[in-house]
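S.K.: final01.csv is reproduced in full below (CSV, C-alpha atoms).
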```csv
chain,number,residue,atom,x,y,z
M,135,MET,CA,11.4,-6.1,-10.7
M,136,LEU,CA,7.9,-5.2,-12.1
M,137,PRO,CA,5.6,-6.6,-13.3
M,138,ARG,CA,5.5,-9.3,-10.7
M,139,THR,CA,2.8,-12.0,-11.3
M,140,CYS,CA,1.2,-13.7,-8.3
M,141,ASP,CA,-1.6,-16.3,-8.2
M,142,PHE,CA,-4.5,-13.9,-8.6
M,143,PHE,CA,-3.0,-10.5,-9.4
M,144,VAL,CA,-0.1,-8.7,-10.9
M,145,LEU,CA,2.0,-6.0,-9.2
M,146,ARG,CA,2.9,-3.4,-11.8
M,147,ARG,CA,3.4,0.3,-12.4
M,148,LEU,CA,0.4,2.5,-12.0
M,149,SER,CA,-0.5,4.4,-15.2
M,150,PRO,CA,-2.9,7.1,-16.4
M,151,GLY,CA,-5.0,4.2,-17.9
M,152,ASP,CA,-5.9,3.2,-14.4
M,153,LEU,CA,-7.7,6.5,-13.7
M,154,THR,CA,-11.3,5.2,-13.7
M,155,ASP,CA,-10.6,2.3,-11.3
M,156,PHE,CA,-8.2,4.4,-9.2
M,157,GLN,CA,-10.8,7.1,-8.7
M,158,ALA,CA,-13.6,4.6,-8.0
M,159,TYR,CA,-11.9,3.3,-4.8
M,160,ARG,CA,-9.9,6.3,-3.9
M,161,SER,CA,-13.0,8.5,-3.8
M,162,ASP,CA,-14.9,6.0,-1.6
M,163,PRO,CA,-15.2,7.5,1.9
M,164,GLN,CA,-15.1,4.1,3.6
M,165,VAL,CA,-11.9,3.1,1.7
M,166,GLY,CA,-10.2,6.3,2.7
M,167,LEU,CA,-11.4,6.4,6.3
M,168,PHE,CA,-8.0,5.5,7.8
M,169,GLN,CA,-5.8,6.5,4.9
M,170,GLY,CA,-3.2,9.2,4.8
M,171,TRP,CA,-4.3,10.3,1.4
M,172,THR,CA,-7.4,12.3,0.4
M,173,PRO,CA,-9.4,12.0,-2.8
M,174,LEU,CA,-8.1,13.9,-5.9
M,175,SER,CA,-9.9,15.6,-8.7
M,176,ASN,CA,-9.6,13.7,-12.0
M,177,ASP,CA,-7.0,16.1,-13.3
M,178,GLU,CA,-4.9,15.8,-10.1
M,179,ALA,CA,-5.3,12.0,-10.2
M,180,LEU,CA,-4.2,11.8,-13.8
M,181,SER,CA,-1.2,13.9,-13.1
M,182,TYR,CA,-0.3,11.8,-10.1
M,183,LEU,CA,-0.7,8.5,-12.1
M,184,ALA,CA,1.6,9.9,-14.8
M,185,GLU,CA,4.2,11.0,-12.2
M,186,VAL,CA,4.3,7.6,-10.3
M,187,GLU,CA,4.4,5.7,-13.6
M,188,SER,CA,7.8,7.1,-14.4
M,189,ALA,CA,9.2,7.6,-10.9
M,190,PRO,CA,12.2,5.4,-9.9
M,191,LEU,CA,11.1,2.2,-8.1
M,192,LEU,CA,12.2,1.9,-4.4
M,193,ALA,CA,14.3,5.0,-4.5
M,194,PRO,CA,15.8,5.8,-1.1
M,195,GLY,CA,13.9,8.6,0.7
M,196,HIS,CA,10.8,8.4,-1.5
M,197,TRP,CA,7.5,6.6,-1.7
M,198,THR,CA,6.8,4.2,-4.6
M,199,GLN,CA,3.2,3.5,-5.6
M,200,ILE,CA,2.6,0.1,-7.1
M,201,ALA,CA,-0.6,-1.1,-8.8
M,202,ILE,CA,-2.4,-4.3,-7.7
M,203,ALA,CA,-4.1,-5.5,-10.9
M,204,SER,CA,-6.4,-8.4,-11.8
M,205,ILE,CA,-4.4,-11.2,-13.4
M,206,GLU,CA,-7.4,-11.8,-15.8
M,207,THR,CA,-8.2,-8.3,-16.9
M,208,ASP,CA,-5.2,-6.2,-15.8
M,209,ARG,CA,-7.8,-3.8,-14.2
M,210,LEU,CA,-6.6,-2.0,-11.1
M,211,ILE,CA,-8.0,-3.4,-7.9
M,212,GLY,CA,-5.8,-1.5,-5.4
M,213,ASP,CA,-2.4,-0.1,-4.8
M,214,LEU,CA,0.6,-0.4,-2.4
M,215,GLY,CA,2.8,2.4,-1.1
M,216,LEU,CA,6.4,1.5,-0.3
M,217,PHE,CA,8.8,3.9,1.3
M,218,VAL,CA,12.5,3.2,1.7
M,219,SER,CA,14.4,5.4,4.2
M,220,ALA,CA,17.3,7.5,2.9
M,221,ASP,CA,19.8,5.2,4.6
M,222,GLN,CA,17.9,2.1,3.3
M,223,SER,CA,17.7,0.5,6.7
M,224,LEU,CA,13.9,0.9,7.1
M,225,ALA,CA,10.8,0.7,4.9
M,226,GLU,CA,7.2,1.5,5.4
M,227,ILE,CA,4.3,-0.1,3.6
M,228,GLY,CA,0.7,1.0,3.1
M,229,PHE,CA,-2.1,-0.6,1.1
M,230,THR,CA,-5.5,0.2,-0.4
M,231,LEU,CA,-7.9,-2.3,-2.0
M,232,ALA,CA,-11.1,-1.6,-3.9
M,233,PRO,CA,-14.2,-2.8,-1.9
M,234,ARG,CA,-15.1,-5.3,-4.7
M,235,SER,CA,-11.8,-7.1,-4.1
M,236,GLN,CA,-11.7,-7.1,-0.3
M,237,GLY,CA,-12.3,-10.2,1.8
M,238,ARG,CA,-10.7,-12.6,-0.5
M,239,GLY,CA,-7.1,-12.6,0.7
M,240,LEU,CA,-5.8,-10.4,-2.1
M,241,ALA,CA,-4.5,-7.7,0.1
M,242,THR,CA,-2.7,-10.2,2.3
M,243,SER,CA,-1.0,-11.8,-0.8
M,244,ALA,CA,-0.2,-8.4,-2.2
M,245,VAL,CA,1.5,-7.2,1.0
M,246,LEU,CA,3.4,-10.5,1.2
M,247,ALA,CA,4.6,-9.9,-2.4
M,248,ALA,CA,5.6,-6.4,-1.6
M,249,ILE,CA,7.6,-7.5,1.5
M,250,GLU,CA,9.4,-10.0,-0.6
M,251,LEU,CA,10.1,-7.3,-3.2
M,252,LEU,CA,11.5,-5.0,-0.5
M,253,PHE,CA,13.8,-7.7,1.0
M,254,GLU,CA,14.9,-8.9,-2.5
M,255,ARG,CA,15.7,-5.5,-4.0
M,256,THR,CA,16.8,-3.4,-1.0
M,257,SER,CA,19.0,-3.6,2.0
M,258,VAL,CA,16.1,-2.8,4.3
M,259,GLN,CA,16.3,-4.6,7.6
M,260,ARG,CA,12.9,-3.7,9.0
M,261,ILE,CA,9.5,-2.9,7.5
M,262,LEU,CA,6.9,-0.8,9.3
M,263,ALA,CA,3.2,-0.4,8.8
M,264,ILE,CA,1.2,2.3,10.7
M,265,THR,CA,-2.5,2.0,11.1
M,266,ASP,CA,-5.3,3.4,13.2
M,267,ALA,CA,-6.1,1.1,16.1
M,268,ARG,CA,-9.8,1.1,15.0
M,269,ASN,CA,-8.8,-0.4,11.6
M,270,THR,CA,-9.3,-4.0,12.6
M,271,PRO,CA,-9.1,-5.5,9.1
M,272,SER,CA,-5.7,-3.9,8.4
M,273,ILE,CA,-4.5,-5.0,11.8
M,274,ARG,CA,-5.5,-8.6,11.1
M,275,LEU,CA,-3.7,-8.5,7.8
M,276,LEU,CA,-0.5,-7.2,9.3
M,277,VAL,CA,-0.6,-10.0,11.9
M,278,ARG,CA,-1.2,-12.5,9.1
M,279,VAL,CA,1.9,-11.4,7.2
M,280,GLY,CA,4.0,-11.8,10.3
M,281,MET,CA,4.2,-8.3,11.6
M,282,SER,CA,4.2,-7.6,15.3
M,283,LEU,CA,2.8,-4.6,17.3
M,284,VAL,CA,5.8,-2.5,18.4
M,285,SER,CA,4.3,0.7,19.6
M,286,THR,CA,1.2,2.8,19.9
M,287,ALA,CA,0.9,6.6,20.0
M,288,GLU,CA,-1.9,9.0,20.7
M,289,VAL,CA,-2.2,11.4,17.7
M,290,VAL,CA,-4.5,13.7,16.0
M,291,PHE,CA,-5.5,12.4,12.5
M,292,ARG,CA,-7.7,14.6,10.3
M,293,GLY,CA,-8.6,16.7,13.3
M,294,GLU,CA,-9.7,13.8,15.5
M,295,PRO,CA,-7.8,12.1,18.3
M,296,CYS,CA,-6.9,8.5,17.7
M,297,THR,CA,-4.4,5.8,18.5
M,298,GLU,CA,-1.9,4.8,15.9
M,299,SER,CA,-0.5,1.3,16.1
M,300,THR,CA,2.9,0.6,14.5
M,301,TYR,CA,3.7,-2.9,13.4
M,302,ALA,CA,7.1,-4.2,12.3
M,303,LEU,CA,8.7,-7.1,10.5
M,304,VAL,CA,12.4,-7.7,10.7
M,305,ARG,CA,14.5,-9.3,7.9
M,306,GLN,CA,15.3,-12.9,8.8
```
Output the file's structure in the form of C-alpha cells.
M.R.:
Amino acid sequence: MLPRTCDFFVLRRLSPGDLTDFQAYRSDPQVGLFQGWTPLSNDEALSYLAEVESAPLLAPGHWTQIAIASIETDRLIGDLGLFVSADQSLAEIGFTLAPRSQGRGLATSAVLAAIELLFERTSVQRILAITDARNTPSIRLLVRVGMSLVSTAEVVFRGEPCTESTYALVRQ
C-alpha cells in the first residue's frame, strides 16, 4: 500500500525523522489558516509523528496521516489526512502542503493518488472534503480532482463565523 511512488513525490508513512519539515509548514500561520489542526510543540509533534508512523493504515473509524515527500530527497513537503468511516461507506480527505511546494500541481496529484488509494484499498463509496468557502486554492483543487459541491453550512470555526463547503466524489 505504502510507499506509493508518483511522478514527483512519494506517499509514505510520516515518521519522527520528518519533525523539522513538519514543524516548518505546520507552524506557518498562513498554512494553518483554514486547517482543523493547530501547531504543536516539538515534543508534541515528535510524539504525534511516532504515533502515526505505527498506526494502522486506513483503519475504519480512524484518521490516517500520510506523508507527501519529495521523490528526489525524501524530504517531507506536506501530508494528507484520510478518514474511513466505521462502516467503510464514506471517507474524508484533507491535505496540507508546505509553501515552497505549492503552486506546482503537487497537491492535486497527491490528492488524486490518495483517492486512488482509498478506492483500491477500501469499500468506500463516497469521499468528502470540507473546506472554508474562503479557501479558494483548496476549492479549485477539489474541483480539479473531480469533486462537486454538495452542501454548505454556516459554522463557527476558531471562534469566527464562516461558511464550510462540502465537496464529494462518488466511486464510479
S.K.: In Å to one decimal, how far is atom CA of Gly166 of chain M from atom CA of Gly293 of chain M?
M.R.: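 Computed distance, atom CA of Gly293 of chain M to atom CA of Gly166 of chain M, equals 14.9 Å.
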S.K.: Find the spatial neighbours of Ala263 of chain M, counting all atoms listed in the file, within a cut-off of 7 Å - ignore same-chain residues fewer than 3 positions away - and output them as a ChimeraX atom specification.
M.R.: /M:226-228,300-302
S.K.: With distances taken over only C-alpha atoms, which residue among M:Gly170, M:Gly212, M:Pro194, M:Pro163 lies nearest Arg147 of chain M?
M.R.: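 Of M:Gly170, M:Gly212, M:Pro194, M:Pro163, the one nearest Arg147 of chain M, counting only C-alpha atoms, is M:Gly212.
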S.K.: Which residues of segment 184-254 of chain M sit at most 12 Å from segment 273-277 of chain M, using all atoms listed in the file? Give each one's shortest atom pair and distance in Å (one decimal place), in chain and ascending residue order, as JSON lines.
M.R.:
```
{"residue": "M:Ile227", "atom": "CA", "partner": "M:Leu276", "partner_atom": "CA", "distance": 10.3}
{"residue": "M:Gly228", "atom": "CA", "partner": "M:Leu276", "partner_atom": "CA", "distance": 10.3}
{"residue": "M:Phe229", "atom": "CA", "partner": "M:Leu275", "partner_atom": "CA", "distance": 10.5}
{"residue": "M:Gln236", "atom": "CA", "partner": "M:Leu275", "partner_atom": "CA", "distance": 11.5}
{"residue": "M:Gly237", "atom": "CA", "partner": "M:Leu275", "partner_atom": "CA", "distance": 10.6}
{"residue": "M:Arg238", "atom": "CA", "partner": "M:Leu275", "partner_atom": "CA", "distance": 11.6}
{"residue": "M:Gly239", "atom": "CA", "partner": "M:Leu275", "partner_atom": "CA", "distance": 8.9}
{"residue": "M:Leu240", "atom": "CA", "partner": "M:Leu275", "partner_atom": "CA", "distance": 10.3}
{"residue": "M:Ala241", "atom": "CA", "partner": "M:Leu275", "partner_atom": "CA", "distance": 7.8}
{"residue": "M:Thr242", "atom": "CA", "partner": "M:Leu275", "partner_atom": "CA", "distance": 5.8}
{"residue": "M:Ser243", "atom": "CA", "partner": "M:Leu275", "partner_atom": "CA", "distance": 9.6}
{"residue": "M:Ala244", "atom": "CA", "partner": "M:Leu275", "partner_atom": "CA", "distance": 10.6}
{"residue": "M:Val245", "atom": "CA", "partner": "M:Leu276", "partner_atom": "CA", "distance": 8.5}
{"residue": "M:Leu246", "atom": "CA", "partner": "M:Leu276", "partner_atom": "CA", "distance": 9.6}
{"residue": "M:Ile249", "atom": "CA", "partner": "M:Leu276", "partner_atom": "CA", "distance": 11.2}
```
S.K.: Write out as a tab-separated table (two decimals) with C-alpha atoms, in the coordinates of the input the residues lying within 9 Å of Cys296 of chain M, counting all atoms listed in the file and excluding same-chain residues fewer than 6 positions away.
M.R.:
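So selection.tsv came out as:
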```
chain	number	residue	atom	x	y	z
M	266	ASP	CA	-5.30	3.40	13.20
M	267	ALA	CA	-6.10	1.10	16.10
M	268	ARG	CA	-9.80	1.10	15.00
M	287	ALA	CA	0.90	6.60	20.00
M	288	GLU	CA	-1.90	9.00	20.70
M	289	VAL	CA	-2.20	11.40	17.70
M	290	VAL	CA	-4.50	13.70	16.00
```
S.K.: What's the separation between atom CA of Ala184 of chain M and atom CA of Phe143 of chain M, in Å to one decimal place?
M.R.: 21.6 Å
S.K.: Tell me which of M:Arg209, M:Arg146, M:Arg305, M:Arg278 sits closest to Leu224 of chain M, counting all atoms listed in the file.
M.R.: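 Nearest candidate to Leu224 of chain M out of M:Arg209, M:Arg146, M:Arg305, M:Arg278: M:Arg305.
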S.K.: Looking at M:Thr154, M:Thr265, M:Ser149, M:Ser219, which one is nearest to Ser299 of chain M, with distances taken over only C-alpha atoms?
M.R.: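 With only C-alpha atoms as the atom set, the closest residue is M:Thr265.
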S.K.: Of the candidates M:Pro271, M:Arg255, M:Leu303, M:Ser161, which shows the shortest atom-to-atom distance to Val284 of chain M, using all atoms listed in the file?
M.R.: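 Answer, going by the shortest atom-to-atom distance: M:Leu303.
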S.K.: Counting only C-alpha atoms, select every polymer residue within 9 Å of (-2.7, -7.0, -13.8) as defined in the file's coordinates, and provide the selection as a short mmCIF file (atom, residue, chain, number, x, y, z; two decimals) with C-alpha atoms, in the coordinates of the input.
M.R.:
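Writing done, so here's selection.cif:
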```
data_model
loop_
_atom_site.label_atom_id
_atom_site.label_comp_id
_atom_site.auth_asym_id
_atom_site.auth_seq_id
_atom_site.Cartn_x
_atom_site.Cartn_y
_atom_site.Cartn_z
CA PRO M 137 5.60 -6.60 -13.30
CA THR M 139 2.80 -12.00 -11.30
CA PHE M 142 -4.50 -13.90 -8.60
CA PHE M 143 -3.00 -10.50 -9.40
CA VAL M 144 -0.10 -8.70 -10.90
CA LEU M 145 2.00 -6.00 -9.20
CA ARG M 146 2.90 -3.40 -11.80
CA ALA M 201 -0.60 -1.10 -8.80
CA ILE M 202 -2.40 -4.30 -7.70
CA ALA M 203 -4.10 -5.50 -10.90
CA SER M 204 -6.40 -8.40 -11.80
CA ILE M 205 -4.40 -11.20 -13.40
CA GLU M 206 -7.40 -11.80 -15.80
CA THR M 207 -8.20 -8.30 -16.90
CA ASP M 208 -5.20 -6.20 -15.80
CA ARG M 209 -7.80 -3.80 -14.20
CA LEU M 210 -6.60 -2.00 -11.10
CA ILE M 211 -8.00 -3.40 -7.90
#
```
S.K.: Need to verify the contact set: Val186 of chain M, 7 Å, only C-alpha atoms, exclusion of same-chain residues closer than 3 positions in sequence. Can you return it as a list in words?
M.R.: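 Non-adjacent residues within range: Leu148, Tyr182, Leu183, Ala189 and Gln199 of chain M.
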S.K.: With distances taken over all atoms listed in the file, which residue among M:Met281, M:Val258, M:Ala232, M:Leu251 lies nearest Val165 of chain M?
M.R.: M:Ala232
S.K.: Name all residues at most 12 Å from Asp221 of chain M (count only C-alpha atoms; drop same-chain ones fewer than 2 positions away) and give them as a ChimeraX atom specification.
M.R.: /M:193-196,217-219,223-225,256-259
S.K.: Which polymer residues, whether protein, DNA or RNA, lie within 8 Å of the coordinate (-9.4, 1.2, -6.3) when you count only C-alpha atoms? List them as number ranges by chain, using the chain letters and numbers from the file.
M.R.: M: 155-160, 210-213, 230-233
S.K.: I'd like the contact shell of Arg292 of chain M - 10 Å cut-off, only C-alpha atoms, skipping same-chain residues fewer than 6 positions apart - returned as a ChimeraX atom specification.
M.R.: /M:167-170
S.K.: Quote the spacing between atom CA of Thr270 of chain M and atom CA of Trp171 of chain M in Å to one decimal place.
M.R.: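 Atom-to-atom, atom CA of Thr270 of chain M and atom CA of Trp171 of chain M are spaced 18.8 Å apart.
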S.K.: Have a look at M:Leu214, M:Val304, M:Ala248, M:Cys140 and name the one nearest to Leu262 of chain M; count all atoms listed in the file.
M.R.: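 Of M:Leu214, M:Val304, M:Ala248, M:Cys140, the one nearest Leu262 of chain M is M:Val304, counting all atoms listed in the file.
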S.K.: If the box runs along x, y and z of the file and leaves 3 Å on each side of segment 167-181 of chain M, what are its centre and edge lengths in Å, one decimal, as lines of an AutoDock Vina configuration file?
M.R.:
```
center_x = -6.3
center_y = 10.8
center_z = -3.0
size_x = 16.2
size_y = 16.6
size_z = 27.6
```
